[in-house]
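As stored in run37.cif (mmCIF, C-alpha atoms):
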data_input
loop_
_atom_site.group_PDB
_atom_site.id
_atom_site.type_symbol
_atom_site.label_atom_id
_atom_site.label_comp_id
_atom_site.auth_asym_id
_atom_site.auth_seq_id
_atom_site.Cartn_x
_atom_site.Cartn_y
_atom_site.Cartn_z
ATOM 1 C CA MET P 18 21.867 36.797 -20.591
ATOM 2 C CA GLN P 19 23.850 33.704 -21.557
ATOM 3 C CA LYS P 20 23.504 32.300 -18.017
ATOM 4 C CA LEU P 21 19.722 32.726 -18.146
ATOM 5 C CA VAL P 22 19.505 30.915 -21.479
ATOM 6 C CA SER P 23 21.687 28.061 -20.237
ATOM 7 C CA PHE P 24 19.650 27.861 -17.007
ATOM 8 C CA LEU P 25 16.361 27.631 -18.909
ATOM 9 C CA SER P 26 17.677 25.002 -21.322
ATOM 10 C CA ASP P 27 19.158 22.827 -18.546
ATOM 11 C CA GLU P 28 16.943 19.748 -18.076
ATOM 12 C CA SER P 29 18.918 17.874 -15.431
ATOM 13 C CA GLY P 30 16.461 18.828 -12.682
ATOM 14 C CA ALA P 31 13.505 17.652 -14.735
ATOM 15 C CA SER P 32 14.390 14.005 -14.284
ATOM 16 C CA ALA P 33 14.514 14.391 -10.496
ATOM 17 C CA ALA P 34 11.078 15.994 -10.525
ATOM 18 C CA GLU P 35 9.728 13.204 -12.710
ATOM 19 C CA TYR P 36 11.104 10.542 -10.369
ATOM 20 C CA ALA P 37 9.542 12.344 -7.404
ATOM 21 C CA LEU P 38 6.180 12.400 -9.188
ATOM 22 C CA ILE P 39 6.417 8.684 -9.997
ATOM 23 C CA LEU P 40 7.273 7.885 -6.378
ATOM 24 C CA ALA P 41 4.345 9.991 -5.158
ATOM 25 C CA ILE P 42 1.935 8.141 -7.460
ATOM 26 C CA ILE P 43 3.276 4.740 -6.379
ATOM 27 C CA GLY P 44 3.099 5.775 -2.729
ATOM 28 C CA ALA P 45 -0.497 6.882 -3.108
ATOM 29 C CA GLY P 46 -1.342 3.575 -4.776
ATOM 30 C CA VAL P 47 0.244 1.586 -1.968
ATOM 31 C CA GLY P 48 -1.603 3.692 0.597
ATOM 32 C CA VAL P 49 -4.947 3.099 -1.099
ATOM 33 C CA ALA P 50 -4.270 -0.649 -1.343
ATOM 34 C CA VAL P 51 -3.331 -0.923 2.327
ATOM 35 C CA PHE P 52 -6.363 1.094 3.372
ATOM 36 C CA SER P 53 -8.680 -0.988 1.184
ATOM 37 C CA LEU P 54 -7.294 -4.376 2.212
ATOM 38 C CA GLY P 55 -6.903 -3.544 5.893
ATOM 39 C CA SER P 56 -10.480 -4.304 6.887
ATOM 40 C CA ALA P 57 -10.585 -7.495 4.794
ATOM 41 C CA ILE P 58 -7.408 -8.789 6.429
ATOM 42 C CA THR P 59 -8.722 -7.888 9.887
ATOM 43 C CA THR P 60 -11.961 -9.743 9.195
ATOM 44 C CA LYS P 61 -10.125 -12.888 8.049
ATOM 45 C CA VAL P 62 -7.766 -12.873 11.036
ATOM 46 C CA LYS P 63 -10.691 -12.453 13.455
ATOM 47 C CA GLY P 64 -12.506 -15.326 11.730
ATOM 48 C CA ALA P 65 -9.462 -17.564 12.044
ATOM 49 C CA THR P 66 -9.115 -16.625 15.710
ATOM 50 C CA ASN P 67 -12.764 -17.450 16.367
ATOM 51 C CA CYS P 68 -12.364 -20.766 14.552
ATOM 52 C CA ILE P 69 -9.310 -21.696 16.608
ATOM 53 C CA ASN P 70 -11.056 -20.717 19.833
ATOM 54 C CA ALA P 71 -14.159 -22.727 18.849
ATOM 55 C CA LYS P 72 -12.081 -25.824 18.076
ATOM 56 C CA ALA P 73 -10.243 -25.490 21.378
ATOM 57 C CA SER P 74 -13.452 -25.330 23.399
ATOM 58 C CA THR P 75 -15.506 -27.959 21.506
ATOM 59 C CA SER P 76 -14.922 -31.065 19.458
ATOM 60 C CA ALA P 77 -15.843 -29.382 16.175
ATOM 61 C CA THR P 78 -13.927 -30.735 13.219
ATOM 62 C CA ALA P 79 -14.775 -28.115 10.585
ATOM 63 C CA CYS P 80 -14.932 -24.381 10.763
ATOM 64 C CA THR P 81 -16.518 -22.294 8.020
ATOM 65 C CA GLY P 82 -16.119 -18.629 7.352
#
Could you render the structure as structure tokens?
Amino acid sequence: MQKLVSFLSDESGASAAEYALILAIIGAGVGVAVFSLGSAITTKVKGATNCINAKASTSATACTG
């Protein structure tokens, strides 16, 4: 009975579970941010590529977008 009481009152594993929960929340946040920003970054890189290609083929001095 004493071992059961000491097992139930032991809180050393609680901190590990809390750290795991914090890491899971942070990981989910990073995943959402990457997913949300992915298309915006792709759009900007494609725009820059098109601008560079347009400047290489013509004598345009300004590129918008």
- Message: Quick check, in Å to one decimal: how far apart do atom CA of P:Thr66 and atom CA of P:Cys80 lie?
- Response: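 The value is 10.9 Å.
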- Query: Expressed in Å to a single decimal, how great is the separation between atom CA of P:Gly44 and atom CA of P:Lys63?
  - Reply: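 Distance reported for this atom pair: 28.0 Å.
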- Task: For atom CA of P:Asn70 and atom CA of P:Phe52, quote the distance in Å rounded to one decimal.
- Result: 27.7 Å
Could you rebuild stretch 34-60 of chain P with N, CA and C atoms and give me the result as an mmCIF file, in the coordinates of the input?
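Full text of part.cif as output:
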data_model
loop_
_atom_site.group_PDB
_atom_site.id
_atom_site.type_symbol
_atom_site.label_atom_id
_atom_site.label_comp_id
_atom_site.auth_asym_id
_atom_site.auth_seq_id
_atom_site.Cartn_x
_atom_site.Cartn_y
_atom_site.Cartn_z
ATOM 1 N N ALA P 34 12.481 15.680 -10.767
ATOM 2 C CA ALA P 34 11.078 15.994 -10.525
ATOM 3 C C ALA P 34 10.169 14.881 -11.049
ATOM 4 N N GLU P 35 10.525 14.304 -12.168
ATOM 5 C CA GLU P 35 9.728 13.204 -12.710
ATOM 6 C C GLU P 35 9.797 11.983 -11.804
ATOM 7 N N TYR P 36 10.977 11.668 -11.288
ATOM 8 C CA TYR P 36 11.104 10.542 -10.369
ATOM 9 C C TYR P 36 10.302 10.796 -9.092
ATOM 10 N N ALA P 37 10.315 12.012 -8.604
ATOM 11 C CA ALA P 37 9.542 12.344 -7.404
ATOM 12 C C ALA P 37 8.048 12.167 -7.666
ATOM 13 N N LEU P 38 7.590 12.558 -8.834
ATOM 14 C CA LEU P 38 6.180 12.400 -9.188
ATOM 15 C C LEU P 38 5.819 10.921 -9.295
ATOM 16 N N ILE P 39 6.674 10.123 -9.894
ATOM 17 C CA ILE P 39 6.417 8.684 -9.997
ATOM 18 C C ILE P 39 6.353 8.049 -8.610
ATOM 19 N N LEU P 40 7.284 8.420 -7.742
ATOM 20 C CA LEU P 40 7.273 7.885 -6.378
ATOM 21 C C LEU P 40 6.025 8.302 -5.617
ATOM 22 N N ALA P 41 5.568 9.525 -5.819
ATOM 23 C CA ALA P 41 4.345 9.991 -5.158
ATOM 24 C C ALA P 41 3.135 9.194 -5.632
ATOM 25 N N ILE P 42 3.056 8.922 -6.921
ATOM 26 C CA ILE P 42 1.935 8.141 -7.460
ATOM 27 C C ILE P 42 1.969 6.711 -6.926
ATOM 28 N N ILE P 43 3.154 6.100 -6.901
ATOM 29 C CA ILE P 43 3.276 4.740 -6.379
ATOM 30 C C ILE P 43 2.937 4.714 -4.890
ATOM 31 N N GLY P 44 3.411 5.705 -4.154
ATOM 32 C CA GLY P 44 3.099 5.775 -2.729
ATOM 33 C C GLY P 44 1.617 5.921 -2.462
ATOM 34 N N ALA P 45 0.955 6.722 -3.258
ATOM 35 C CA ALA P 45 -0.497 6.882 -3.108
ATOM 36 C C ALA P 45 -1.209 5.572 -3.424
ATOM 37 N N GLY P 46 -0.746 4.865 -4.438
ATOM 38 C CA GLY P 46 -1.342 3.575 -4.776
ATOM 39 C C GLY P 46 -1.172 2.552 -3.670
ATOM 40 N N VAL P 47 0.005 2.507 -3.078
ATOM 41 C CA VAL P 47 0.244 1.586 -1.968
ATOM 42 C C VAL P 47 -0.632 1.961 -0.780
ATOM 43 N N GLY P 48 -0.751 3.247 -0.505
ATOM 44 C CA GLY P 48 -1.603 3.692 0.597
ATOM 45 C C GLY P 48 -3.056 3.305 0.404
ATOM 46 N N VAL P 49 -3.560 3.472 -0.804
ATOM 47 C CA VAL P 49 -4.947 3.099 -1.099
ATOM 48 C C VAL P 49 -5.133 1.593 -0.957
ATOM 49 N N ALA P 50 -4.172 0.805 -1.441
ATOM 50 C CA ALA P 50 -4.270 -0.649 -1.343
ATOM 51 C C ALA P 50 -4.272 -1.113 0.108
ATOM 52 N N VAL P 51 -3.396 -0.549 0.909
ATOM 53 C CA VAL P 51 -3.331 -0.923 2.327
ATOM 54 C C VAL P 51 -4.621 -0.533 3.030
ATOM 55 N N PHE P 52 -5.123 0.643 2.742
ATOM 56 C CA PHE P 52 -6.363 1.094 3.372
ATOM 57 C C PHE P 52 -7.527 0.209 2.958
ATOM 58 N N SER P 53 -7.579 -0.167 1.684
ATOM 59 C CA SER P 53 -8.680 -0.988 1.184
ATOM 60 C C SER P 53 -8.621 -2.420 1.718
ATOM 61 N N LEU P 54 -7.440 -2.988 1.782
ATOM 62 C CA LEU P 54 -7.294 -4.376 2.212
ATOM 63 C C LEU P 54 -7.245 -4.536 3.725
ATOM 64 N N GLY P 55 -7.042 -3.463 4.444
ATOM 65 C CA GLY P 55 -6.903 -3.544 5.893
ATOM 66 C C GLY P 55 -8.082 -4.178 6.578
ATOM 67 N N SER P 56 -9.288 -3.758 6.230
ATOM 68 C CA SER P 56 -10.480 -4.304 6.887
ATOM 69 C C SER P 56 -10.714 -5.752 6.472
ATOM 70 N N ALA P 57 -10.413 -6.107 5.240
ATOM 71 C CA ALA P 57 -10.585 -7.495 4.794
ATOM 72 C C ALA P 57 -9.628 -8.426 5.536
ATOM 73 N N ILE P 58 -8.389 -7.975 5.709
ATOM 74 C CA ILE P 58 -7.408 -8.789 6.429
ATOM 75 C C ILE P 58 -7.813 -8.931 7.892
ATOM 76 N N THR P 59 -8.276 -7.846 8.490
ATOM 77 C CA THR P 59 -8.722 -7.888 9.887
ATOM 78 C C THR P 59 -9.874 -8.868 10.060
ATOM 79 N N THR P 60 -10.820 -8.839 9.127
ATOM 80 C CA THR P 60 -11.961 -9.743 9.195
ATOM 81 C C THR P 60 -11.515 -11.199 9.107
#
